[in-house]
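Q: Hey, dropping final04.txt in here, compact mmCIF, C-alpha atoms:
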```txt
# COMPACT_ATOMS: atom_id res chain seq x y z
CA MET A 1 -4.29 -32.19 -4.29
CA GLU A 2 -3.23 -35.46 -2.69
CA THR A 3 -1.13 -36.28 -5.78
CA ARG A 4 0.53 -32.85 -5.62
CA LEU A 5 1.12 -33.32 -1.89
CA GLU A 6 2.80 -36.69 -2.41
CA LYS A 7 5.13 -35.20 -5.06
CA ALA A 8 5.94 -32.17 -2.88
CA GLN A 9 6.81 -34.41 0.07
CA LYS A 10 9.07 -36.51 -2.15
CA ASP A 11 10.82 -33.37 -3.45
CA ALA A 12 11.24 -32.11 0.12
CA ARG A 13 12.94 -35.33 1.18
CA SER A 14 15.30 -35.03 -1.80
CA LEU A 15 16.18 -31.44 -0.83
CA VAL A 16 16.83 -32.42 2.78
CA ALA A 17 19.24 -35.11 1.58
CA SER A 18 21.03 -32.67 -0.72
CA ILE A 19 21.41 -30.10 2.06
CA ALA A 20 22.73 -32.75 4.45
CA ALA A 21 25.33 -33.76 1.85
CA LEU A 22 26.48 -30.16 1.30
CA LYS A 23 26.46 -29.00 4.93
CA PRO A 24 29.92 -30.42 5.84
CA LYS A 25 31.46 -28.35 3.04
CA THR A 26 30.11 -25.11 4.60
CA ASP A 27 31.76 -25.61 8.00
CA PHE A 28 34.80 -23.49 8.83
CA GLY A 29 36.95 -26.46 9.78
CA PHE A 30 40.37 -26.10 11.34
CA ASP A 31 42.24 -24.77 8.30
CA PRO A 32 41.75 -20.95 8.09
CA ARG A 33 42.56 -21.02 4.37
CA TYR A 34 39.43 -23.06 3.73
CA TRP A 35 37.25 -20.36 5.31
CA VAL A 36 37.61 -18.06 2.32
CA SER A 37 38.02 -20.74 -0.34
CA SER A 38 35.83 -20.76 -3.45
CA GLU A 39 34.75 -24.32 -2.67
CA ARG A 40 33.26 -23.27 0.68
CA ALA A 41 31.69 -20.12 -0.82
CA ILE A 42 29.98 -22.20 -3.55
CA ALA A 43 28.74 -24.72 -0.96
CA VAL A 44 27.35 -21.92 1.23
CA ARG A 45 25.46 -20.42 -1.73
CA GLN A 46 24.13 -23.82 -2.78
CA VAL A 47 22.94 -24.61 0.75
CA ALA A 48 21.26 -21.21 1.02
CA THR A 49 19.47 -21.74 -2.30
CA LEU A 50 18.38 -25.25 -1.37
CA GLU A 51 17.19 -24.13 2.06
CA GLU A 52 15.12 -21.37 0.45
CA ASP A 53 13.64 -23.94 -1.98
CA LEU A 54 12.92 -26.25 0.95
CA LYS A 55 11.25 -23.43 2.86
CA ASN A 56 8.99 -22.66 -0.10
CA LEU A 57 8.25 -26.36 -0.58
CA LYS A 58 7.32 -26.77 3.09
CA SER A 59 4.94 -23.81 2.73
CA THR A 60 3.37 -25.51 -0.31
CA ILE A 61 3.04 -28.77 1.63
CA SER A 62 1.43 -26.98 4.56
CA ASN A 63 -1.05 -25.21 2.26
CA LEU A 64 -1.93 -28.45 0.48
CA GLU A 65 -2.46 -30.28 3.78
CA SER A 66 -4.69 -27.46 4.97
CA GLU A 67 -6.72 -27.47 1.76
CA ILE A 68 -7.12 -31.25 1.85
CA LYS A 69 -8.29 -31.05 5.45
CA LYS A 70 -10.79 -28.30 4.56
CA SER A 71 -12.08 -30.30 1.60
CA ALA A 72 -12.57 -33.40 3.75
CA GLU A 73 -14.44 -31.32 6.32
CA ILE A 74 -16.65 -29.79 3.62
CA ARG A 75 -17.40 -33.27 2.27
CA ARG A 76 -18.42 -34.51 5.72
CA THR A 77 -20.54 -31.41 6.28
CA LYS A 78 -22.34 -31.71 2.94
CA ARG A 79 -23.07 -35.38 3.51
CA GLY A 80 -24.51 -34.49 6.91
CA GLU A 81 -26.63 -31.72 5.38
CA ILE A 82 -27.96 -34.10 2.71
CA ALA A 83 -28.88 -36.68 5.35
CA ALA A 84 -30.51 -34.00 7.53
CA ALA A 85 -32.46 -32.57 4.58
CA ARG A 86 -33.83 -36.00 3.69
CA ALA A 87 -35.00 -36.53 7.26
CA SER A 88 -36.11 -32.95 8.01
CA ASP A 89 -39.57 -31.76 9.01
CA PRO A 90 -40.27 -28.28 7.49
CA LEU A 91 -42.43 -27.19 10.44
CA LEU A 92 -39.78 -28.19 12.96
CA ALA A 93 -37.15 -26.47 10.82
CA GLN A 94 -39.15 -23.21 10.79
CA SER A 95 -39.55 -23.43 14.57
CA ALA A 96 -35.82 -24.02 15.01
CA ILE A 97 -35.01 -21.08 12.72
CA ALA A 98 -37.23 -18.78 14.75
CA ALA A 99 -35.56 -19.91 17.98
CA LEU A 100 -32.08 -19.40 16.52
CA GLU A 101 -32.97 -15.93 15.24
CA ALA A 102 -34.22 -14.99 18.71
CA THR A 103 -30.95 -16.27 20.21
CA LEU A 104 -28.96 -14.29 17.66
CA ARG A 105 -30.83 -11.10 18.47
CA ARG A 106 -30.15 -11.69 22.16
CA ILE A 107 -26.41 -12.29 21.79
CA GLU A 108 -25.72 -9.71 19.05
CA PRO A 109 -24.91 -6.92 21.56
CA ARG A 110 -22.52 -9.28 23.31
CA LEU A 111 -20.86 -10.17 19.99
CA ALA A 112 -20.55 -6.48 19.12
CA SER A 113 -18.90 -5.86 22.49
CA LEU A 114 -16.44 -8.72 21.94
CA ARG A 115 -15.57 -7.43 18.48
CA GLN A 116 -14.88 -4.00 19.93
CA ARG A 117 -12.71 -5.46 22.70
CA HIS A 118 -10.80 -7.44 20.05
CA ASP A 119 -10.20 -4.31 17.96
CA ASP A 120 -9.16 -2.29 21.01
CA LEU A 121 -6.65 -4.95 22.05
CA GLU A 122 -5.21 -5.14 18.54
CA ASN A 123 -4.71 -1.37 18.47
CA LEU A 124 -3.20 -1.40 21.95
CA LEU A 125 -0.73 -4.18 21.15
CA ARG A 126 0.31 -3.06 17.67
CA GLU A 127 3.18 -0.84 18.85
CA PRO A 128 4.55 -3.06 21.68
CA LEU A 129 4.42 -6.17 19.46
CA ALA A 130 6.36 -4.36 16.73
CA SER A 131 8.95 -3.36 19.35
CA LEU A 132 9.02 -6.92 20.67
CA HIS A 133 9.78 -8.36 17.23
CA GLY A 134 12.47 -5.74 16.67
CA TYR A 135 14.21 -6.52 19.96
CA GLU A 136 13.97 -10.27 19.32
CA ALA A 137 15.65 -9.81 15.92
CA GLU A 138 18.37 -7.69 17.54
CA ARG A 139 18.87 -10.33 20.24
CA LEU A 140 19.32 -13.08 17.64
CA ALA A 141 21.81 -10.95 15.70
CA LEU A 142 23.86 -10.27 18.85
CA MET A 143 23.88 -13.95 19.80
CA LYS A 144 25.05 -14.84 16.29
CA LYS A 145 27.92 -12.32 16.57
CA ILE A 146 28.93 -13.73 19.95
CA SER A 147 28.96 -17.25 18.48
CA GLN A 148 31.14 -16.09 15.56
CA ALA A 149 33.54 -14.32 17.92
CA GLU A 150 33.82 -17.44 20.06
CA HIS A 151 34.65 -19.43 16.92
CA PHE A 152 37.44 -16.92 16.12
CA ASN A 153 38.71 -17.26 19.69
CA LEU A 154 38.87 -21.03 19.27
CA ALA A 155 40.81 -20.65 16.01
CA LEU A 156 43.23 -18.20 17.70
CA SER A 157 43.90 -20.66 20.50
CA ARG A 158 45.05 -23.20 17.93
CA ALA A 159 47.00 -20.87 15.63
CA GLY A 160 50.28 -19.00 15.83
CA GLY A 161 52.39 -16.38 14.08
CA ALA A 162 51.07 -15.21 10.72
CA GLU A 163 47.93 -17.31 11.10
CA ARG A 164 46.86 -15.32 14.17
CA LYS A 165 47.32 -12.05 12.27
CA TRP A 166 45.22 -13.40 9.41
CA ILE A 167 42.49 -14.53 11.85
CA HIS A 168 42.42 -11.10 13.54
CA GLY A 169 42.03 -9.46 10.13
CA ASN A 170 39.20 -11.79 9.19
CA CYS A 171 37.50 -11.07 12.53
CA GLU A 172 37.68 -7.34 11.83
CA ARG A 173 36.20 -7.78 8.34
CA GLU A 174 33.29 -9.90 9.58
CA LEU A 175 32.60 -8.43 13.03
CA GLY A 176 34.02 -4.91 12.89
CA HIS A 177 36.85 -5.42 15.42
CA ARG A 178 40.15 -7.29 15.43
CA SER A 179 39.65 -8.71 18.94
CA PRO A 180 37.02 -11.46 19.35
CA ASN A 181 36.98 -10.78 23.11
CA ALA A 182 36.17 -7.12 22.51
CA VAL A 183 33.33 -8.13 20.20
CA ILE A 184 31.99 -10.55 22.81
CA GLU A 185 32.18 -7.97 25.61
CA ARG A 186 30.45 -5.30 23.52
CA CYS A 187 27.73 -7.67 22.29
CA GLU A 188 27.07 -9.09 25.76
CA GLY A 189 26.60 -5.55 27.11
CA LYS A 190 24.10 -4.77 24.36
CA LEU A 191 22.45 -8.14 24.88
CA ARG A 192 21.77 -7.38 28.56
CA GLY A 193 20.06 -4.14 27.56
CA VAL A 194 18.00 -5.84 24.85
CA GLU A 195 16.90 -8.64 27.18
CA GLY A 196 15.88 -6.07 29.81
CA SER A 197 13.79 -4.24 27.21
CA LEU A 198 12.27 -7.53 26.03
CA GLU A 199 11.24 -8.42 29.57
CA LYS A 200 9.52 -5.04 30.04
CA ILE A 201 7.64 -5.28 26.75
CA ARG A 202 6.60 -8.89 27.42
CA LEU A 203 5.21 -7.82 30.81
CA ARG A 204 3.37 -4.94 29.13
CA VAL A 205 1.84 -7.28 26.55
CA GLU A 206 0.91 -9.91 29.16
CA THR A 207 -0.76 -7.25 31.33
CA ALA A 208 -2.73 -5.89 28.36
CA VAL A 209 -3.90 -9.38 27.37
CA LEU A 210 -4.86 -10.19 30.97
CA MET A 211 -6.95 -7.01 31.20
CA ALA A 212 -8.57 -7.72 27.83
CA GLN A 213 -9.65 -11.16 29.06
CA ARG A 214 -11.55 -9.57 31.90
CA GLU A 215 -15.16 -8.75 31.22
CA ILE A 216 -16.18 -5.67 33.20
CA ARG A 217 -19.92 -5.05 33.40
CA HIS A 218 -20.29 -3.12 36.64
CA ILE A 219 -17.96 -0.54 38.23
CA VAL A 220 -18.32 0.38 41.89
CA ILE A 221 -16.63 3.74 42.52
CA ASP A 222 -15.22 4.66 45.92
CA GLY A 223 -16.57 8.17 45.36
CA SER A 224 -14.70 9.92 48.13
CA ASN A 225 -11.41 8.51 46.79
CA LEU A 226 -11.90 10.56 43.63
CA CYS A 227 -13.06 13.72 45.43
CA TYR A 228 -9.98 14.96 47.25
CA VAL A 229 -7.22 17.00 45.68
CA ASP A 230 -3.90 17.47 47.47
CA GLN A 231 -3.77 21.23 47.91
CA GLY A 232 -0.03 21.14 48.56
CA ASN A 233 0.48 19.56 45.11
CA ARG A 234 -2.67 20.43 43.32
CA GLY A 235 -3.96 18.34 40.50
CA LYS A 236 -2.67 15.01 41.80
CA SER A 237 -4.99 12.39 43.18
CA ASP A 238 -4.13 11.10 46.64
CA PRO A 239 -5.22 7.51 47.38
CA GLY A 240 -5.58 8.26 51.08
CA ALA A 241 -6.76 11.80 50.72
CA HIS A 242 -10.31 11.29 51.94
CA HIS A 243 -9.04 9.68 55.13
CA ALA A 244 -6.67 12.59 55.70
CA GLY A 245 -9.57 14.91 55.04
CA GLN A 246 -11.63 13.13 57.65
CA ALA A 247 -8.81 13.36 60.18
CA ALA A 248 -8.47 17.08 59.58
CA ASN A 249 -12.19 17.58 60.08
CA ASP A 250 -12.10 15.47 63.20
CA GLY A 251 -9.43 17.65 64.82
CA GLY A 252 -6.37 15.88 63.37
CA SER A 253 -2.88 17.30 63.17
CA ASN A 254 -2.56 20.80 61.72
CA ASN A 255 0.65 19.71 59.99
CA ARG A 256 -1.26 17.56 57.48
CA PRO A 257 -1.97 19.10 54.05
CA LYS A 258 -5.43 20.62 53.90
CA LYS A 259 -7.82 18.69 51.71
CA ARG A 260 -10.80 20.11 49.90
CA PRO A 261 -13.31 17.78 48.22
CA THR A 262 -14.54 18.37 44.69
CA LEU A 263 -16.87 16.48 42.38
CA VAL A 264 -15.17 17.75 39.22
CA ALA A 265 -13.44 14.46 38.33
CA LEU A 266 -16.52 12.35 39.06
CA GLU A 267 -18.85 14.64 37.10
CA ALA A 268 -16.62 14.20 34.04
CA LEU A 269 -15.98 10.48 34.55
CA VAL A 270 -19.35 8.95 35.54
CA PRO A 271 -21.27 9.84 32.31
CA VAL A 272 -18.47 8.33 30.21
CA LEU A 273 -18.34 5.11 32.26
CA ALA A 274 -22.13 4.81 32.26
CA LYS A 275 -22.14 4.49 28.46
CA SER A 276 -20.35 1.13 28.73
CA TYR A 277 -20.86 -0.11 32.29
CA GLU A 278 -23.33 -0.19 35.13
CA VAL A 279 -22.04 2.35 37.66
CA THR A 280 -22.49 2.55 41.44
CA LEU A 281 -21.15 5.47 43.49
CA ILE A 282 -20.48 5.03 47.22
CA PHE A 283 -19.45 8.03 49.35
CA ASP A 284 -18.09 8.35 52.89
CA ALA A 285 -20.63 9.77 55.34
CA ASN A 286 -18.74 13.03 56.01
CA ILE A 287 -19.02 14.11 52.36
CA ARG A 288 -22.43 15.59 53.18
CA HIS A 289 -21.17 18.35 55.48
CA GLN A 290 -17.91 18.83 53.56
CA LEU A 291 -19.81 19.70 50.38
CA LEU A 292 -22.98 20.91 52.15
CA MET A 293 -25.10 18.58 50.03
CA SER A 294 -27.96 16.20 50.80
CA ASP A 295 -28.35 12.65 49.55
CA ARG A 296 -30.84 13.88 46.95
CA ASP A 297 -28.33 16.48 45.77
CA PHE A 298 -25.79 13.72 45.10
CA GLU A 299 -28.38 11.62 43.25
CA ALA A 300 -29.31 14.63 41.12
CA ARG A 301 -25.64 15.25 40.25
CA PHE A 302 -25.19 11.66 39.02
CA PRO A 303 -28.43 10.49 37.37
CA GLN A 304 -26.49 7.90 35.34
CA ALA A 305 -25.46 5.93 38.45
CA ARG A 306 -26.80 4.38 41.62
CA VAL A 307 -25.63 6.65 44.43
CA HIS A 308 -25.17 5.69 48.09
CA VAL A 309 -24.01 8.11 50.80
CA LEU A 310 -23.22 6.05 53.89
CA PRO A 311 -24.63 6.59 57.38
CA ASN A 312 -22.70 8.76 59.84
CA GLY A 313 -19.27 7.46 60.79
CA ARG A 314 -19.00 5.04 57.90
CA GLN A 315 -16.34 4.99 55.15
CA ALA A 316 -16.81 3.65 51.62
CA ASP A 317 -13.94 1.12 51.55
CA GLU A 318 -15.66 -2.00 52.87
CA PRO A 319 -19.13 -1.32 51.34
CA ALA A 320 -17.50 -0.88 47.91
CA LEU A 321 -15.77 -4.25 48.26
CA ILE A 322 -18.97 -5.89 49.53
CA ALA A 323 -20.84 -4.56 46.47
CA ALA A 324 -18.32 -6.40 44.26
CA GLU A 325 -18.14 -9.56 46.39
CA ASP A 326 -20.36 -11.98 44.49
CA ASP A 327 -19.98 -10.90 40.87
CA ALA A 328 -16.79 -11.67 38.92
CA HIS A 329 -17.73 -8.94 36.42
CA THR A 330 -17.87 -6.18 39.06
CA PHE A 331 -14.73 -4.09 39.62
CA VAL A 332 -13.92 -1.43 42.23
CA LEU A 333 -12.47 1.91 41.15
CA SER A 334 -10.22 3.27 43.90
CA ASN A 335 -6.56 4.00 44.56
CA ASP A 336 -6.90 2.50 48.04
CA GLY A 337 -4.80 -0.67 48.34
CA PHE A 338 -7.42 -2.20 50.70
CA ARG A 339 -4.68 -3.76 52.83
CA ASP A 340 -7.18 -4.04 55.69
CA TYR A 341 -9.46 -6.28 53.61
CA PRO A 342 -7.26 -9.03 52.07
CA GLU A 343 -10.07 -11.55 52.49
CA LYS A 344 -12.47 -9.75 50.14
CA ARG A 345 -12.89 -11.45 46.78
CA ALA A 346 -12.41 -8.28 44.74
CA VAL A 347 -9.00 -7.83 46.41
CA LYS A 348 -7.95 -11.48 46.07
CA GLU A 349 -9.08 -11.62 42.43
CA LYS A 350 -7.46 -8.23 41.68
CA ARG A 351 -10.72 -6.71 40.50
CA LEU A 352 -9.43 -3.24 41.34
CA LEU A 353 -9.03 -0.30 38.97
CA GLN A 354 -6.76 2.67 39.65
CA HIS A 355 -6.98 6.29 38.54
CA LEU A 356 -4.81 9.37 38.17
CA ILE A 357 -6.22 12.89 38.52
CA THR A 358 -4.17 15.81 37.20
CA GLU A 359 -5.07 19.47 36.76
CA ARG A 360 -6.29 18.74 33.26
CA SER A 361 -7.56 15.16 33.13
CA VAL A 362 -8.74 12.07 34.94
CA HIS A 363 -7.21 8.83 33.67
CA ILE A 364 -8.31 5.23 34.33
CA PHE A 365 -5.27 3.09 33.56
CA ASP A 366 -6.79 -0.34 32.88
CA LEU A 367 -9.71 1.04 30.87
CA HIS A 368 -7.48 3.32 28.76
CA ILE A 369 -9.79 6.21 29.46
CA THR A 370 -8.58 9.82 29.66
CA ILE A 371 -11.12 12.60 30.19
CA PRO A 372 -10.28 16.33 30.24
CA ILE A 373 -11.37 18.24 33.35
CA THR A 374 -11.10 21.79 34.67
CA PHE A 375 -10.98 22.64 38.36
CA GLU A 376 -12.77 25.70 39.64
CA PRO A 377 -10.57 28.48 41.10
CA GLU A 378 -11.74 27.75 44.63
CA THR A 379 -10.69 24.11 44.21
CA ARG A 380 -7.18 25.17 43.19
CA ALA A 381 -6.76 27.58 46.08
CA ALA A 382 -4.80 26.42 49.11
```
Can you give me the file's structure in the form of C-alpha cells?
A:
Amino acid sequence: METRLEKAQKDARSLVASIAALKPKTDFGFDPRYWVSSERAIAVRQVATLEEDLKNLKSTISNLESEIKKSAEIRRTKRGEIAAARASDPLLAQSAIAALEATLRRIEPRLASLRQRHDDLENLLREPLASLHGYEAERLALMKKISQAEHFNLALSRAGGAERKWIHGNCERELGHRSPNAVIERCEGKLRGVEGSLEKIRLRVETAVLMAQREIRHIVIDGSNLCYVDQGNRGKSDPGAHHAGQAANDGGSNNRPKKRPTLVALEALVPVLAKSYEVTLIFDANIRHQLLMSDRDFEARFPQARVHVLPNGRQADEPALIAAEDDAHTFVLSNDGFRDYPEKRAVKEKRLLQHLITERSVHIFDLHITIPITFEPETRAA
C-alpha cells in the first residue's frame, strides 16, 4: 500500500503540473475571437479531463492513507494484545470480564436511548439538509452567472462597434439575456431570496441539533398552564390563561374572556411522557375548587406522575422552576415566559418546553410529540 501511495502521489504531482500548464489557455483573455476558438475549447476539455483524473487520484490517495493508518493501528493493537496475553492472569481476566459485563448491562439502556435519539435526529434533519444542499447549489450557480456577466461587462467596456454586438450575442447564448447588467440584477434578486432561505434552514438545523444534544430525564409540568382553554377562541392554549382564570374567580374584570379549566390535554399527554421521562405535575391552589376535586382525586387521575397541588394562594410558576433548579436534565413544560424569574437556572439555561393545544391535539414542539385529544361538549361551550 505504501508503494501504491508513493506512485499515486507522484502521478498527482504530474497532473497538477499539466493542469497548471494548460490553465492559461482556458482563460478568456482580451480578444473575443479567442473565446470561441478551437484551441481554447480543446484546452478546456483537457483541463476538465485532467481535473477529473486528479480528483479520482486524490480519492485513491486518501483511501490508501486511511488504510495504511488503520493497518498501523491494527499492528499496534495486536502487539499490545500479544504482550497482554503473555502477562495475563486468567483469574484476574475472568474477574475483569464479569465486571465489564455488569457495566455493559448497566449502560445498555442508556446506549439504546442514545441510538434512538441519533435515529430521531437523522429523520428530523433529512428533509432540511436536502433543502440546504439544494439552496447551496443554487447559490453557487447564481454566483457563477454573476461572475460571468461581470466578465462580459468588462469586455464591453473595452470593445466597440461590431465587437459589442458580438459580445451581447455571446452573453445571450451563455446566460439567456443580451444585457450583462440585466443578468446581474436578476441573479442578485434571486440570490437574496436563496440566502434568506439558507439562513432560515440553517437556523432550523442548528435548533434541532441543539435540542438533540440536550438530555431530558425529568419533565416538570406547570399543570394549570395546560388546563385552561380560551373560550373566546376555543381550542387554543393561552400561556396566561390560568392567571386570567384566577383573576376572574377573584372578582376580576367582567370584560376578560371566561376561562374554564379542563384536564383533557394533561390526561392525554402525561401517560405518553411518562413512558420516556420522569414526570412531575404541579397545580395552582385554586384548581381544587375550579374542578371540585381533592388532592387525592388529582393523584388518582395521574398515577404515572408525582402530583402536587399547592397550598391556598400559591401559583405553580416558581415551584415548577425550583423543582428544576439543581438538575440539568430537568425541564419545565409551560408556555409562561417566566419573566418574573430571570434568576432561576431553568430560565437562564433555557430548559423550558412549550406546547400548543388545539381542538384536536396537544403538541410539544421540542419533543416532536403530537397527541390527539377530544374536548367534552361542556368544555367547548362558552
Q: My list of candidates is A:Arg360, A:Lys23, A:Arg178, A:Lys69. Which is closest to Arg164 (chain A) when distances are computed with all atoms listed in the file?
A: A:Arg178
Q: Counting all atoms listed in the file, which residues come within 10 Å of (35.6, -13.9, 24.0), with the point read in the file's coordinates, and could you list them as a list of chain:residue names?
A: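 Every polymer residue passing the test: A:Ile146, A:Ser147, A:Gln148, A:Ala149, A:Glu150, A:His151, A:Phe152, A:Asn153, A:Leu154, A:Ser179, A:Pro180, A:Asn181, A:Ala182, A:Val183, A:Ile184, A:Glu185, A:Glu188.
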Q: Figure out the distance between CA of Leu226 (chain A) and CA of Lys344 (chain A), please, to one decimal in Å.
A: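 Between CA of Lys344 (chain A) and CA of Leu226 (chain A) the gap is 21.3 Å.
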Q: Could you list, as a PDB file with C-alpha atoms, in the coordinates of the input, every residue within 9 Å of Leu281 (chain A), counting only C-alpha atoms and ignoring same-chain residues fewer than 3 positions away?
A:
```pdb
ATOM      1  CA  ILE A 219     -17.960  -0.540  38.230  1.00  0.00           C
ATOM      2  CA  VAL A 220     -18.320   0.380  41.890  1.00  0.00           C
ATOM      3  CA  ILE A 221     -16.630   3.740  42.520  1.00  0.00           C
ATOM      4  CA  ASP A 222     -15.220   4.660  45.920  1.00  0.00           C
ATOM      5  CA  GLY A 223     -16.570   8.170  45.360  1.00  0.00           C
ATOM      6  CA  VAL A 270     -19.350   8.950  35.540  1.00  0.00           C
ATOM      7  CA  PHE A 302     -25.190  11.660  39.020  1.00  0.00           C
ATOM      8  CA  ALA A 305     -25.460   5.930  38.450  1.00  0.00           C
ATOM      9  CA  ARG A 306     -26.800   4.380  41.620  1.00  0.00           C
ATOM     10  CA  VAL A 307     -25.630   6.650  44.430  1.00  0.00           C
ATOM     11  CA  HIS A 308     -25.170   5.690  48.090  1.00  0.00           C
ATOM     12  CA  VAL A 309     -24.010   8.110  50.800  1.00  0.00           C
ATOM     13  CA  ALA A 320     -17.500  -0.880  47.910  1.00  0.00           C
TER      14      ALA A 320
END
```
Q: Please indicate the distance in Å from CA of Ala20 (chain A) to CA of Asn56 (chain A), rounded to one decimal place.
A: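 Interatomic distance, CA of Ala20 (chain A) to CA of Asn56 (chain A): 17.6 Å.
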Q: From the options A:Glu52, A:Glu206, A:Glu73, A:Glu39, which residue's atoms come nearest to Leu125 (chain A), counting only C-alpha atoms?
A: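 Among the listed residues, the smallest separation from Leu125 (chain A) belongs to A:Glu206.
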Q: Would you mind reading off the distance between CA of Phe28 (chain A) and CA of Glu172 (chain A), one decimal, in Å?
A: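 Between CA of Phe28 (chain A) and CA of Glu172 (chain A) the gap is 16.7 Å.
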Q: Looking at A:Lys144, A:Asp53, A:Ser62, A:Ala212, which one is nearest to Leu191 (chain A), with distances taken over all atoms listed in the file?
A: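 The closest residue to Leu191 (chain A) is A:Lys144.
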Q: Dump as a tab-separated table (two decimals) with C-alpha atoms, keeping the file's coordinate frame all residues having an atom at most 12 Å from (33.7, -29.1, 7.8), computed in the file's coordinates with all atoms listed in the file.
A:
```
chain	number	residue	atom	x	y	z
A	21	ALA	CA	25.33	-33.76	1.85
A	22	LEU	CA	26.48	-30.16	1.30
A	23	LYS	CA	26.46	-29.00	4.93
A	24	PRO	CA	29.92	-30.42	5.84
A	25	LYS	CA	31.46	-28.35	3.04
A	26	THR	CA	30.11	-25.11	4.60
A	27	ASP	CA	31.76	-25.61	8.00
A	28	PHE	CA	34.80	-23.49	8.83
A	29	GLY	CA	36.95	-26.46	9.78
A	30	PHE	CA	40.37	-26.10	11.34
A	31	ASP	CA	42.24	-24.77	8.30
A	32	PRO	CA	41.75	-20.95	8.09
A	34	TYR	CA	39.43	-23.06	3.73
A	35	TRP	CA	37.25	-20.36	5.31
A	39	GLU	CA	34.75	-24.32	-2.67
A	40	ARG	CA	33.26	-23.27	0.68
A	43	ALA	CA	28.74	-24.72	-0.96
A	44	VAL	CA	27.35	-21.92	1.23
```
Q: Please provide the set of residues having any atom within 8 Å of Ile216 (chain A), restricted to only C-alpha atoms, with same-chain residues fewer than 4 positions apart removed, written as JSON, numbers by chain.
A: {"A": [277, 329, 330, 331]}
